[in-house]
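Everything below belongs to coords09.cif, which stores mmCIF, C-alpha atoms.
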data_run
#
loop_
_atom_site.label_atom_id
_atom_site.label_comp_id
_atom_site.auth_asym_id
_atom_site.auth_seq_id
_atom_site.Cartn_x
_atom_site.Cartn_y
_atom_site.Cartn_z
CA MET A 1 34.81 -39.42 -42.47
CA ASN A 2 37.43 -38.21 -39.98
CA LYS A 3 34.79 -37.92 -37.26
CA ILE A 4 33.56 -41.47 -37.96
CA LEU A 5 37.14 -42.73 -37.58
CA LEU A 6 37.55 -40.74 -34.34
CA VAL A 7 34.41 -42.29 -32.86
CA ALA A 8 35.46 -45.75 -34.11
CA ARG A 9 38.93 -45.31 -32.58
CA ARG A 10 37.40 -44.32 -29.26
CA GLU A 11 35.03 -47.30 -29.24
CA PHE A 12 37.86 -49.67 -30.23
CA LEU A 13 40.39 -48.47 -27.65
CA THR A 14 37.80 -48.22 -24.87
CA ARG A 15 36.92 -51.90 -25.22
CA VAL A 16 40.34 -53.30 -26.10
CA GLN A 17 42.02 -51.68 -23.09
CA LYS A 18 39.59 -53.25 -20.65
CA LYS A 19 40.71 -56.25 -18.61
CA THR A 20 37.57 -58.12 -19.60
CA PHE A 21 38.68 -57.99 -23.26
CA LEU A 22 42.02 -59.60 -22.45
CA LEU A 23 40.28 -62.16 -20.25
CA THR A 24 37.73 -63.20 -22.86
CA THR A 25 40.10 -63.01 -25.83
CA ILE A 26 43.12 -64.83 -24.41
CA GLY A 27 41.99 -66.39 -21.14
CA VAL A 28 38.86 -68.19 -22.39
CA PRO A 29 40.57 -70.04 -25.30
CA LEU A 30 43.45 -71.04 -23.03
CA LEU A 31 41.01 -72.25 -20.38
CA ILE A 32 39.10 -74.31 -22.98
CA ALA A 33 42.40 -75.71 -24.29
CA ALA A 34 43.49 -76.64 -20.75
CA PHE A 35 40.15 -78.36 -20.22
CA TYR A 36 40.50 -80.42 -23.39
CA ALA A 37 44.13 -81.20 -22.58
CA ALA A 38 43.01 -82.57 -19.22
CA LEU A 39 40.37 -84.71 -20.93
CA ILE A 40 42.94 -86.05 -23.40
CA TYR A 41 45.40 -86.75 -20.60
CA PHE A 42 42.93 -88.73 -18.54
CA GLN A 43 41.69 -90.54 -21.64
CA ILE A 44 45.22 -91.63 -22.55
CA LYS A 45 46.55 -92.33 -19.07
CA SER A 46 43.49 -93.92 -17.48
CA THR A 47 42.01 -96.19 -20.14
CA ASP A 48 39.76 -98.77 -18.46
CA HIS A 49 40.14 -102.40 -19.49
CA PHE A 50 36.96 -104.45 -19.67
CA SER A 51 37.52 -108.14 -18.91
CA ILE A 52 35.00 -110.71 -20.18
CA ALA A 53 35.05 -114.44 -19.35
CA VAL A 54 33.90 -116.72 -22.18
CA LEU A 55 32.44 -120.17 -21.40
CA ASP A 56 32.22 -121.64 -24.91
CA GLN A 57 30.90 -125.19 -24.54
CA ALA A 58 29.92 -125.29 -28.25
CA ASN A 59 33.43 -124.23 -29.34
CA VAL A 60 31.95 -121.50 -31.56
CA PHE A 61 34.94 -119.15 -31.24
CA SER A 62 37.62 -121.87 -31.24
CA GLY A 63 39.22 -120.32 -28.17
CA LYS A 64 40.03 -117.03 -29.85
CA LEU A 65 38.43 -113.55 -29.66
CA GLU A 66 40.42 -110.37 -30.20
CA ASN A 67 39.55 -106.71 -29.83
CA LYS A 68 41.46 -104.22 -31.99
CA LYS A 69 41.57 -101.51 -29.34
CA ASN A 70 42.86 -103.88 -26.63
CA GLU A 71 40.48 -102.18 -24.19
CA ILE A 72 38.24 -105.27 -24.03
CA THR A 73 39.83 -108.64 -23.26
CA PHE A 74 38.15 -112.02 -23.72
CA LYS A 75 39.38 -114.87 -21.53
CA PHE A 76 38.20 -118.42 -22.30
CA VAL A 77 37.52 -120.46 -19.18
CA GLN A 78 36.50 -124.00 -18.34
CA SER A 79 34.03 -123.50 -15.55
CA ASP A 80 30.30 -123.29 -14.89
CA THR A 81 27.79 -120.46 -14.67
CA THR A 82 27.59 -120.63 -10.87
CA THR A 83 31.33 -120.04 -10.53
CA LEU A 84 31.20 -117.27 -13.12
CA LYS A 85 28.43 -115.48 -11.22
CA LYS A 86 30.56 -115.57 -8.06
CA GLN A 87 33.56 -114.23 -9.98
CA LEU A 88 31.31 -111.49 -11.35
CA ASP A 89 30.31 -110.52 -7.81
CA ASN A 90 33.97 -110.56 -6.76
CA HIS A 91 34.85 -108.30 -9.72
CA THR A 92 37.20 -110.86 -11.19
CA TYR A 93 35.45 -110.22 -14.47
CA GLU A 94 33.17 -107.37 -15.54
CA ALA A 95 30.99 -109.73 -17.59
CA TYR A 96 30.81 -113.28 -18.89
CA ILE A 97 29.51 -114.98 -22.03
CA TYR A 98 27.91 -118.42 -21.80
CA ILE A 99 27.47 -120.50 -24.96
CA PRO A 100 25.77 -123.84 -24.22
CA ALA A 101 26.67 -127.05 -26.02
CA GLY A 102 23.42 -126.98 -27.99
CA PHE A 103 24.18 -123.62 -29.57
CA ASP A 104 23.50 -123.76 -33.33
CA ILE A 105 24.99 -120.98 -35.39
CA THR A 106 22.90 -121.89 -38.44
CA ARG A 107 19.66 -121.20 -36.55
CA GLY A 108 20.78 -117.68 -35.76
CA ASP A 109 20.98 -118.26 -31.99
CA SER A 110 21.99 -115.19 -29.99
CA VAL A 111 25.05 -115.03 -27.80
CA GLU A 112 24.14 -113.96 -24.26
CA LEU A 113 26.38 -111.65 -22.24
CA ARG A 114 25.75 -111.07 -18.55
CA SER A 115 27.33 -108.19 -16.66
CA GLY A 116 27.30 -106.95 -13.11
CA LYS A 117 26.90 -103.31 -14.13
CA THR A 118 25.40 -101.29 -16.94
CA LEU A 119 27.58 -101.19 -20.04
CA GLY A 120 28.20 -97.96 -21.90
CA MET A 121 26.95 -97.49 -25.43
CA LEU A 122 30.44 -97.52 -26.98
CA THR A 123 31.42 -100.63 -25.04
CA ARG A 124 28.25 -102.44 -26.16
CA GLU A 125 28.88 -101.49 -29.78
CA ASP A 126 32.50 -102.64 -29.56
CA ILE A 127 31.51 -106.03 -28.12
CA GLU A 128 28.74 -106.49 -30.69
CA ARG A 129 31.11 -105.61 -33.52
CA THR A 130 33.80 -108.04 -32.35
CA ILE A 131 31.48 -111.00 -31.75
CA GLY A 132 29.25 -110.27 -34.75
CA LYS A 133 32.22 -110.32 -37.12
CA VAL A 134 33.33 -113.75 -35.89
CA LEU A 135 29.80 -115.18 -36.09
CA GLU A 136 29.39 -113.84 -39.62
CA GLU A 137 32.65 -115.49 -40.71
CA LYS A 138 31.58 -118.78 -39.13
CA ARG A 139 28.22 -118.74 -40.94
CA LEU A 140 29.87 -117.97 -44.28
CA LEU A 141 32.38 -120.79 -43.80
CA MET A 142 29.53 -123.21 -43.09
CA LEU A 143 28.01 -122.10 -46.42
CA ASN A 144 31.25 -123.20 -48.17
CA VAL A 145 32.55 -119.65 -48.61
CA SER A 146 36.35 -119.78 -48.38
CA LYS A 147 38.41 -117.70 -45.98
CA ALA A 148 40.06 -115.89 -48.91
CA GLN A 149 36.66 -114.90 -50.28
CA ILE A 150 35.56 -113.64 -46.88
CA ASP A 151 38.72 -111.53 -46.55
CA SER A 152 38.27 -110.07 -50.03
CA ILE A 153 34.69 -109.08 -49.19
CA GLN A 154 35.51 -107.59 -45.79
CA HIS A 155 38.54 -105.64 -47.01
CA GLN A 156 36.81 -104.16 -50.03
CA LYS A 157 37.00 -100.40 -49.74
CA ASP A 158 34.87 -97.78 -51.41
CA PRO A 159 32.43 -100.02 -53.30
CA ILE A 160 30.97 -96.80 -54.75
CA LYS A 161 33.22 -93.92 -55.77
CA PHE A 162 31.62 -90.49 -55.74
CA THR A 163 33.15 -87.93 -58.10
CA SER A 164 32.12 -84.51 -59.34
CA VAL A 165 31.68 -83.58 -63.00
CA SER A 166 35.19 -82.11 -62.96
CA GLY A 167 36.54 -85.49 -61.85
CA GLN A 168 37.30 -84.52 -58.25
CA LYS A 169 36.83 -87.41 -55.81
CA GLU A 170 34.16 -86.87 -53.15
CA THR A 171 35.39 -88.96 -50.22
CA ASP A 172 33.49 -89.57 -46.98
CA SER A 173 36.15 -87.66 -45.06
CA LYS A 174 35.78 -84.61 -47.33
CA VAL A 175 31.99 -84.61 -46.97
CA GLY A 176 32.25 -85.07 -43.20
CA ILE A 177 34.82 -82.30 -42.76
CA SER A 178 32.83 -79.98 -45.04
CA TYR A 179 29.86 -80.64 -42.76
CA LEU A 180 31.92 -79.71 -39.69
CA VAL A 181 33.51 -76.62 -41.23
CA GLY A 182 30.14 -75.37 -42.50
CA MET A 183 28.48 -75.92 -39.13
CA ILE A 184 31.28 -74.22 -37.17
CA ALA A 185 31.52 -71.24 -39.55
CA GLY A 186 27.74 -70.76 -39.58
CA PHE A 187 27.48 -70.88 -35.80
CA LEU A 188 30.37 -68.42 -35.43
CA ILE A 189 28.56 -65.92 -37.66
CA TYR A 190 25.39 -66.57 -35.63
CA ILE A 191 27.23 -65.80 -32.39
CA ILE A 192 28.82 -62.69 -33.91
CA LEU A 193 25.49 -61.24 -34.98
CA PHE A 194 23.99 -61.71 -31.53
CA VAL A 195 26.93 -60.82 -29.29
CA TYR A 196 28.35 -57.81 -31.11
CA GLY A 197 24.97 -56.57 -32.33
CA THR A 198 23.74 -56.58 -28.74
CA MET A 199 26.97 -54.85 -27.70
CA VAL A 200 26.24 -52.02 -30.15
CA MET A 201 22.66 -51.70 -28.89
CA ARG A 202 23.73 -51.56 -25.23
CA GLY A 203 26.42 -48.99 -26.00
CA VAL A 204 23.87 -46.73 -27.67
CA MET A 205 21.38 -47.22 -24.83
CA GLU A 206 24.00 -46.34 -22.19
CA GLU A 207 24.98 -43.13 -23.96
CA LYS A 208 21.36 -42.17 -24.44
CA VAL A 209 20.34 -42.87 -20.82
CA SER A 210 23.40 -41.07 -19.40
CA ARG A 211 22.74 -38.09 -21.74
CA ILE A 212 26.30 -38.33 -23.11
CA ALA A 213 24.84 -38.55 -26.61
CA GLU A 214 23.45 -35.01 -26.26
CA VAL A 215 26.99 -33.69 -25.76
CA ILE A 216 28.50 -35.79 -28.55
CA VAL A 217 25.93 -34.87 -31.23
CA SER A 218 26.75 -31.20 -30.69
CA SER A 219 30.02 -31.81 -32.58
CA VAL A 220 29.30 -35.07 -34.44
CA LYS A 221 26.33 -35.82 -36.66
CA PRO A 222 24.10 -38.68 -35.46
CA PHE A 223 24.92 -40.71 -38.59
CA GLN A 224 28.65 -40.29 -37.98
CA LEU A 225 28.21 -41.28 -34.34
CA MET A 226 26.28 -44.42 -35.27
CA MET A 227 28.73 -45.50 -38.01
CA GLY A 228 31.73 -44.81 -35.78
CA LYS A 229 30.28 -46.88 -32.99
CA ILE A 230 29.44 -49.76 -35.34
CA THR A 231 32.86 -49.66 -37.00
CA GLY A 232 34.79 -49.51 -33.73
CA ILE A 233 32.96 -52.43 -32.13
CA GLY A 234 33.21 -54.38 -35.39
CA MET A 235 37.00 -53.98 -35.38
CA VAL A 236 37.05 -55.23 -31.79
CA GLY A 237 35.19 -58.36 -32.90
CA LEU A 238 37.49 -58.88 -35.89
CA VAL A 239 40.64 -58.57 -33.78
CA GLN A 240 39.16 -60.90 -31.18
CA PHE A 241 38.38 -63.59 -33.76
CA LEU A 242 41.81 -63.28 -35.38
CA ILE A 243 43.44 -63.83 -31.99
CA TRP A 244 41.17 -66.81 -31.34
CA PHE A 245 42.03 -68.24 -34.78
CA LEU A 246 45.77 -67.99 -34.11
CA LEU A 247 45.41 -69.44 -30.61
CA VAL A 248 43.28 -72.38 -31.79
CA PHE A 249 45.74 -73.33 -34.54
CA GLY A 250 48.71 -72.83 -32.22
CA ILE A 251 47.15 -75.06 -29.56
CA GLN A 252 46.23 -77.65 -32.21
CA PHE A 253 49.89 -77.98 -33.23
CA ALA A 254 51.07 -77.95 -29.61
CA LEU A 255 48.84 -80.80 -28.39
CA PRO A 256 50.68 -83.59 -30.33
CA LEU A 257 53.96 -82.30 -28.89
CA ILE A 258 52.57 -82.37 -25.36
CA PHE A 259 50.84 -85.76 -25.84
CA PRO A 260 52.85 -87.93 -28.28
CA GLU A 261 50.42 -90.80 -27.62
CA LEU A 262 47.54 -88.72 -29.01
CA ALA A 263 48.09 -89.64 -32.68
CA SER A 264 48.07 -93.38 -32.08
CA THR A 265 45.06 -93.11 -29.79
CA VAL A 266 43.05 -91.16 -32.35
CA GLN A 267 43.95 -93.63 -35.11
CA GLN A 268 42.58 -96.50 -33.04
CA GLN A 269 39.19 -94.95 -32.44
CA PRO A 270 36.66 -92.88 -34.37
CA MET A 271 36.96 -89.13 -34.29
CA PRO A 272 34.30 -87.39 -32.16
CA SER A 273 32.28 -84.66 -33.85
CA ALA A 274 29.26 -82.47 -33.46
CA GLY A 275 27.17 -84.17 -36.11
CA ALA A 276 26.34 -87.84 -36.55
CA GLN A 277 26.93 -87.66 -40.30
CA ALA A 278 30.42 -86.23 -39.86
CA ALA A 279 31.21 -88.78 -37.17
CA ASN A 280 30.25 -91.69 -39.37
CA ALA A 281 32.17 -90.25 -42.30
CA VAL A 282 35.39 -89.76 -40.36
CA GLN A 283 35.02 -93.11 -38.59
CA SER A 284 34.65 -94.95 -41.89
CA SER A 285 37.56 -93.04 -43.42
CA GLY A 286 40.16 -94.75 -41.27
CA GLY A 287 41.10 -92.37 -38.48
CA LEU A 288 43.48 -89.45 -38.25
CA SER A 289 45.40 -89.98 -41.51
CA HIS A 290 42.25 -89.85 -43.64
CA PHE A 291 40.97 -87.00 -41.53
CA MET A 292 44.08 -84.97 -42.41
CA GLU A 293 43.70 -85.93 -46.07
CA GLY A 294 40.13 -84.66 -45.94
CA LEU A 295 41.34 -81.34 -44.48
CA GLN A 296 43.65 -80.90 -47.46
CA THR A 297 40.66 -81.05 -49.83
CA ILE A 298 38.99 -78.06 -48.12
CA ASN A 299 39.67 -74.67 -49.72
CA PHE A 300 40.51 -72.82 -46.52
CA PRO A 301 41.68 -69.54 -48.18
CA LEU A 302 38.26 -69.29 -49.85
CA ILE A 303 36.44 -70.12 -46.61
CA ILE A 304 38.48 -67.64 -44.55
CA GLY A 305 38.00 -64.89 -47.14
CA CYS A 306 34.25 -65.50 -47.32
CA PHE A 307 34.07 -65.71 -43.53
CA ILE A 308 35.65 -62.25 -43.16
CA PHE A 309 33.33 -60.79 -45.83
CA TYR A 310 30.15 -62.28 -44.37
CA PHE A 311 31.33 -61.48 -40.87
CA LEU A 312 31.64 -57.80 -41.78
CA GLY A 313 28.59 -57.74 -44.06
CA GLY A 314 26.29 -59.50 -41.62
CA TYR A 315 27.63 -57.53 -38.68
CA PHE A 316 27.19 -54.12 -40.33
CA LEU A 317 23.72 -55.06 -41.61
CA TYR A 318 22.38 -56.20 -38.24
CA SER A 319 24.36 -53.88 -35.99
CA SER A 320 22.85 -50.84 -37.75
CA LEU A 321 19.41 -52.24 -36.90
CA PHE A 322 20.52 -53.00 -33.32
CA ALA A 323 21.81 -49.41 -33.04
CA ALA A 324 18.46 -48.08 -34.28
CA VAL A 325 16.62 -50.10 -31.62
CA GLY A 326 19.07 -48.93 -28.94
CA SER A 327 18.46 -45.29 -29.88
CA ALA A 328 14.67 -45.71 -29.73
CA VAL A 329 14.31 -47.28 -26.27
CA ASN A 330 14.78 -45.78 -22.83
CA GLU A 331 15.70 -47.37 -19.50
CA ASP A 332 13.17 -50.22 -19.70
CA PRO A 333 14.89 -53.33 -21.21
CA GLN A 334 11.49 -54.88 -22.02
CA ASP A 335 10.98 -52.20 -24.68
CA ALA A 336 14.19 -53.32 -26.36
CA GLN A 337 13.13 -56.99 -26.28
CA SER A 338 9.82 -56.26 -28.02
CA LEU A 339 11.58 -54.24 -30.74
CA LEU A 340 14.33 -56.86 -31.21
CA PHE A 341 11.95 -59.70 -32.09
CA PRO A 342 11.58 -58.80 -35.82
CA ILE A 343 15.38 -58.46 -36.06
CA MET A 344 16.14 -61.77 -34.36
CA MET A 345 13.66 -63.84 -36.37
CA PRO A 346 15.74 -63.89 -39.62
CA ILE A 347 18.83 -64.93 -37.63
CA ILE A 348 16.96 -67.85 -36.04
CA PHE A 349 15.47 -68.73 -39.41
CA ALA A 350 19.00 -68.75 -40.88
CA ILE A 351 20.15 -71.32 -38.32
CA VAL A 352 17.25 -73.59 -39.30
CA ILE A 353 18.17 -73.30 -42.99
CA MET A 354 21.85 -73.88 -42.19
CA THR A 355 21.11 -77.32 -40.71
CA LYS A 356 19.60 -78.20 -44.08
CA ALA A 357 22.33 -76.54 -46.14
CA VAL A 358 25.23 -78.44 -44.57
CA ASN A 359 23.62 -81.73 -45.61
CA ASP A 360 22.18 -80.63 -48.97
CA PRO A 361 23.94 -77.44 -50.12
CA ASN A 362 22.18 -77.38 -53.49
CA SER A 363 18.60 -77.67 -52.24
CA SER A 364 16.14 -74.91 -53.10
CA LEU A 365 15.88 -73.84 -49.44
CA ALA A 366 19.69 -73.63 -49.10
CA ILE A 367 20.02 -71.57 -52.29
CA PHE A 368 17.28 -69.18 -51.15
CA GLY A 369 18.83 -68.81 -47.68
CA SER A 370 22.29 -68.10 -49.15
CA LEU A 371 20.91 -65.37 -51.47
CA PHE A 372 18.46 -63.70 -49.06
CA PRO A 373 20.61 -60.97 -47.42
CA PHE A 374 19.21 -61.38 -43.90
CA THR A 375 20.12 -65.10 -43.83
CA SER A 376 23.02 -65.30 -46.31
CA PRO A 377 25.86 -64.59 -43.78
CA ILE A 378 25.03 -67.84 -41.94
CA VAL A 379 23.68 -70.07 -44.72
CA MET A 380 26.35 -69.22 -47.32
CA MET A 381 29.12 -70.31 -44.94
CA ALA A 382 27.44 -73.73 -44.69
CA ARG A 383 27.37 -74.02 -48.50
CA ILE A 384 30.81 -72.57 -49.26
CA ALA A 385 32.43 -75.24 -47.08
CA HIS A 386 31.53 -77.81 -49.74
CA GLY A 387 33.53 -75.87 -52.33
CA ILE A 388 33.00 -74.25 -55.72
CA PRO A 389 31.14 -75.32 -57.82
CA GLU A 390 30.13 -78.43 -55.84
CA GLY A 391 28.50 -76.53 -52.98
CA VAL A 392 27.84 -73.13 -54.53
CA THR A 393 28.37 -71.66 -57.98
CA VAL A 394 30.44 -68.55 -58.63
CA ALA A 395 27.36 -66.70 -59.90
CA GLN A 396 25.40 -67.46 -56.73
CA LEU A 397 28.31 -66.32 -54.56
CA ILE A 398 28.66 -63.01 -56.43
CA ILE A 399 24.89 -62.37 -56.36
CA SER A 400 24.80 -63.12 -52.63
CA MET A 401 27.65 -60.69 -51.93
CA VAL A 402 26.13 -57.92 -54.05
CA LEU A 403 22.70 -58.32 -52.43
CA LEU A 404 24.29 -58.24 -48.97
CA ILE A 405 26.16 -55.00 -49.76
CA VAL A 406 23.07 -53.33 -51.25
CA THR A 407 20.91 -54.40 -48.30
CA PHE A 408 23.54 -53.19 -45.84
CA LEU A 409 23.50 -49.75 -47.47
CA GLY A 410 19.69 -49.72 -47.30
CA THR A 411 19.48 -50.79 -43.66
CA THR A 412 22.17 -48.27 -42.74
CA TRP A 413 20.15 -45.48 -44.36
CA VAL A 414 16.99 -46.60 -42.53
CA ALA A 415 18.83 -47.00 -39.22
CA ALA A 416 20.42 -43.57 -39.58
CA LYS A 417 17.00 -41.93 -40.01
CA ILE A 418 15.70 -43.72 -36.90
CA TYR A 419 18.90 -43.09 -34.94
CA ARG A 420 18.90 -39.35 -35.62
CA ILE A 421 15.47 -38.89 -34.03
CA GLY A 422 15.51 -41.66 -31.43
CA ILE A 423 18.86 -40.76 -29.81
CA LEU A 424 17.43 -37.42 -28.60
CA MET A 425 13.90 -38.59 -27.74
CA TYR A 426 13.04 -39.42 -24.12
CA GLY A 427 10.00 -40.43 -22.09
CA LYS A 428 7.99 -42.04 -24.87
CA LYS A 429 7.47 -45.74 -25.58
CA ILE A 430 8.44 -46.32 -29.20
CA THR A 431 6.90 -48.93 -31.53
CA TRP A 432 7.96 -50.16 -34.95
CA LYS A 433 5.09 -48.21 -36.47
CA GLU A 434 6.50 -45.01 -35.02
CA MET A 435 10.02 -45.89 -36.17
CA ILE A 436 8.80 -46.49 -39.75
CA LYS A 437 7.27 -42.99 -39.71
CA TRP A 438 10.67 -41.59 -38.73
CA THR A 439 12.18 -43.30 -41.76
CA PHE A 440 10.04 -41.36 -44.21
CA ARG A 441 10.16 -38.07 -42.32
CA LYS A 442 11.99 -35.35 -44.22
CA SER A 443 15.12 -33.87 -42.69
#

Written form, C-alpha cells:
Amino acid sequence: MNKILLVARREFLTRVQKKTFLLTTIGVPLLIAAFYAALIYFQIKSTDHFSIAVLDQANVFSGKLENKKNEITFKFVQSDTTTLKKQLDNHTYEAYIYIPAGFDITRGDSVELRSGKTLGMLTREDIERTIGKVLEEKRLLMLNVSKAQIDSIQHQKDPIKFTSVSGQKETDSKVGISYLVGMIAGFLIYIILFVYGTMVMRGVMEEKVSRIAEVIVSSVKPFQLMMGKITGIGMVGLVQFLIWFLLVFGIQFALPLIFPELASTVQQQPMPSAGAQAANAVQSSGGLSHFMEGLQTINFPLIIGCFIFYFLGGYFLYSSLFAAVGSAVNEDPQDAQSLLFPIMMPIIFAIVIMTKAVNDPNSSLAIFGSLFPFTSPIVMMARIAHGIPEGVTVAQLIISMVLLIVTFLGTTWVAAKIYRIGILMYGKKITWKEMIKWTFRKS
C-alpha cells in the first residue's frame, strides 16, 4: 500500500507542478469567463433598436403597438408605400408594415412586413408575437368577448399543475433546470473518462517505450505501479474539477457585481440554454426569478456527492482498462486505437442513453443504462438530477453503486493481469485475443 501511495504521489506532483496544469486549471476558466463577460458587456451596451414604420389605413391597431423589450419600435405614419420604400433605402426605417383600407380581420388576412435586410430569427419571432397578440385581441372583441375576459384568459398561469405523489410541485423551471444539470453532469463524466483515461494510457506507454518501467518494476510490483499511476492521475483530475467548481461559482457571483444591468436584462428575455426543452421551460417560467426558484428545488448536495462517487468509480473502472491497453502496445499509436475501440463503445453508448434519460428518467432504457456499470457513471447523473424518488429510486441508486464497485474490482483484476505481462513485452503486435489469454494465465 505504501508503494502505491508513493507512485500516486509521484504522478500527482509531477503533473500538478507543471505549468500546463496551472494554465488549464486556472487560465482556461478565467479565459472562458472573460469571453462571456465580453459577450454580456456588448449585449448590454450595444443593443440594436429595430425601427418599423406602420401605415395602417384600416386602423387595425388604433395607432398603438408596443414591444415589451423596447428593442423594436413601431412608428405610425401617414404616407404612401412609395415614400416608405425610399425611407427604407435611406435607412430611416429598417422595415415597414402596410395595411390597406380593405383589410378584413375577420377573414384572417395576413399583415405584410417589408424589410431592406434579412431579419434574424429572434427578431421575427418578437414581431410576430407582438402583432399576433393584438390581432387575436381584436378578433375576440369582434366576437363580443370583453376586454376583461381576454385579460383573464391571457394572464392565466399554470392551467395544469404537475405534482409528484409526495405532493411536491413539478414546475417547468425545475424540469428545465434538471435537464440542464443532468446534461452538464453527464457530459463532464464523459469528458473525464476520455481525457484522464487517455492520460493514464499515454503515461504507461511513455514509461514502457522509454524502458523506465523496467527499472521501476524491479522495486515495485506491476499491480502497485498501475494502481499508483491511476490513483495519482485521478487525484489530479479531482483537484482540477474542484478548482473549476470554485472558480465557476465565484465568477457567477461576481458577474452581477460587475454588470448591475445583467439582472434586468435577463428578466426581460428568455434564458439561453443548451437544450430546446430547457429553454422553453425557463422562458415560460418568467425569467431570472423563476430560474433561481427552480435552482432551489435541485438537491445539489446529493448531485455533488453522486458526481464525486461516479467520477471516481467511472474513472477507476475505465482507467484500469486504458492502462492495460497502454501496457500492451508499443510505439505505433494505431495499435492503441484498434484496442481502444471496445472500451470506447460503452462510453459512446452511454451518451446516447443519456440524451434519453434527461427527458424520460424512468424509461426502461434509462434504468438499464443507470444500472449497467459501463454506462452508469454517465446515465445515472442524468437521472439523479431529477431527484429521489422522482428521477431514480433509492434501491436503484444503491444497486447501481454496488454494481459499479464490483465491476471496478473485476476490471482492475483483469487489467492487472494484462499489465503485468504487457508492460515488459516488446516487439509484438498484441490483440484482444492475446490479452484475454494473459488474463487466465497462472502467475

Taking the file above as input, evaluate the PyMOL selection byres ((chain A and resi 366-383) around 6) and report the hits as an NGL selection string. :A and (182 or 185-186 or 189 or 310 or 314 or 350 or 354 or 357-358 or 361 or 363-365 or 384-386 or 391 or 400 or 404)

Residues near Val28 of chain A, anyone? I mean within 10 Å using all atoms listed in the file, not counting same-chain ones fewer than 6 positions away, as a ChimeraX atom specification. /A:22,34,244

Measure the distance from atom CA of Thr411 of chain A to atom CA of Phe12 of chain A in Å and round it to one decimal. 22.8 Å

Have a look at atom CA of Tyr190 of chain A and atom CA of Val406 of chain A and let me know their distance in Å, one decimal.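 Taking atom CA of Tyr190 of chain A and atom CA of Val406 of chain A, their separation equals 20.6 Å.
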
Which of these residues is nearest to Lys208 of chain A, using only C-alpha atoms: A:Gly228, A:Pro301, A:Pro222, A:Gly116?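 Of all the options, A:Pro222 lies closest to Lys208 of chain A.
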
Just say which residues the PyMOL selection byres ((chain A and resi 431) around 12) picks in this file, as a tab-separated table (two decimals) with C-alpha atoms, in the coordinates of the input.
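In the end it all went to result.tsv:
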chain	number	residue	atom	x	y	z
A	324	ALA	CA	18.46	-48.08	-34.28
A	325	VAL	CA	16.62	-50.10	-31.62
A	328	ALA	CA	14.67	-45.71	-29.73
A	329	VAL	CA	14.31	-47.28	-26.27
A	335	ASP	CA	10.98	-52.20	-24.68
A	336	ALA	CA	14.19	-53.32	-26.36
A	337	GLN	CA	13.13	-56.99	-26.28
A	338	SER	CA	9.82	-56.26	-28.02
A	339	LEU	CA	11.58	-54.24	-30.74
A	340	LEU	CA	14.33	-56.86	-31.21
A	341	PHE	CA	11.95	-59.70	-32.09
A	342	PRO	CA	11.58	-58.80	-35.82
A	418	ILE	CA	15.70	-43.72	-36.90
A	422	GLY	CA	15.51	-41.66	-31.43
A	428	LYS	CA	7.99	-42.04	-24.87
A	429	LYS	CA	7.47	-45.74	-25.58
A	430	ILE	CA	8.44	-46.32	-29.20
A	432	TRP	CA	7.96	-50.16	-34.95
A	433	LYS	CA	5.09	-48.21	-36.47
A	434	GLU	CA	6.50	-45.01	-35.02
A	435	MET	CA	10.02	-45.89	-36.17
A	436	ILE	CA	8.80	-46.49	-39.75
A	437	LYS	CA	7.27	-42.99	-39.71
A	438	TRP	CA	10.67	-41.59	-38.73

Using all atoms listed in the file, which residue out of A:Ile72, A:Leu55, A:Leu65, A:Leu317 lies closest to Ile99 of chain A?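 Distance minimum relative to Ile99 of chain A lands on A:Leu55.
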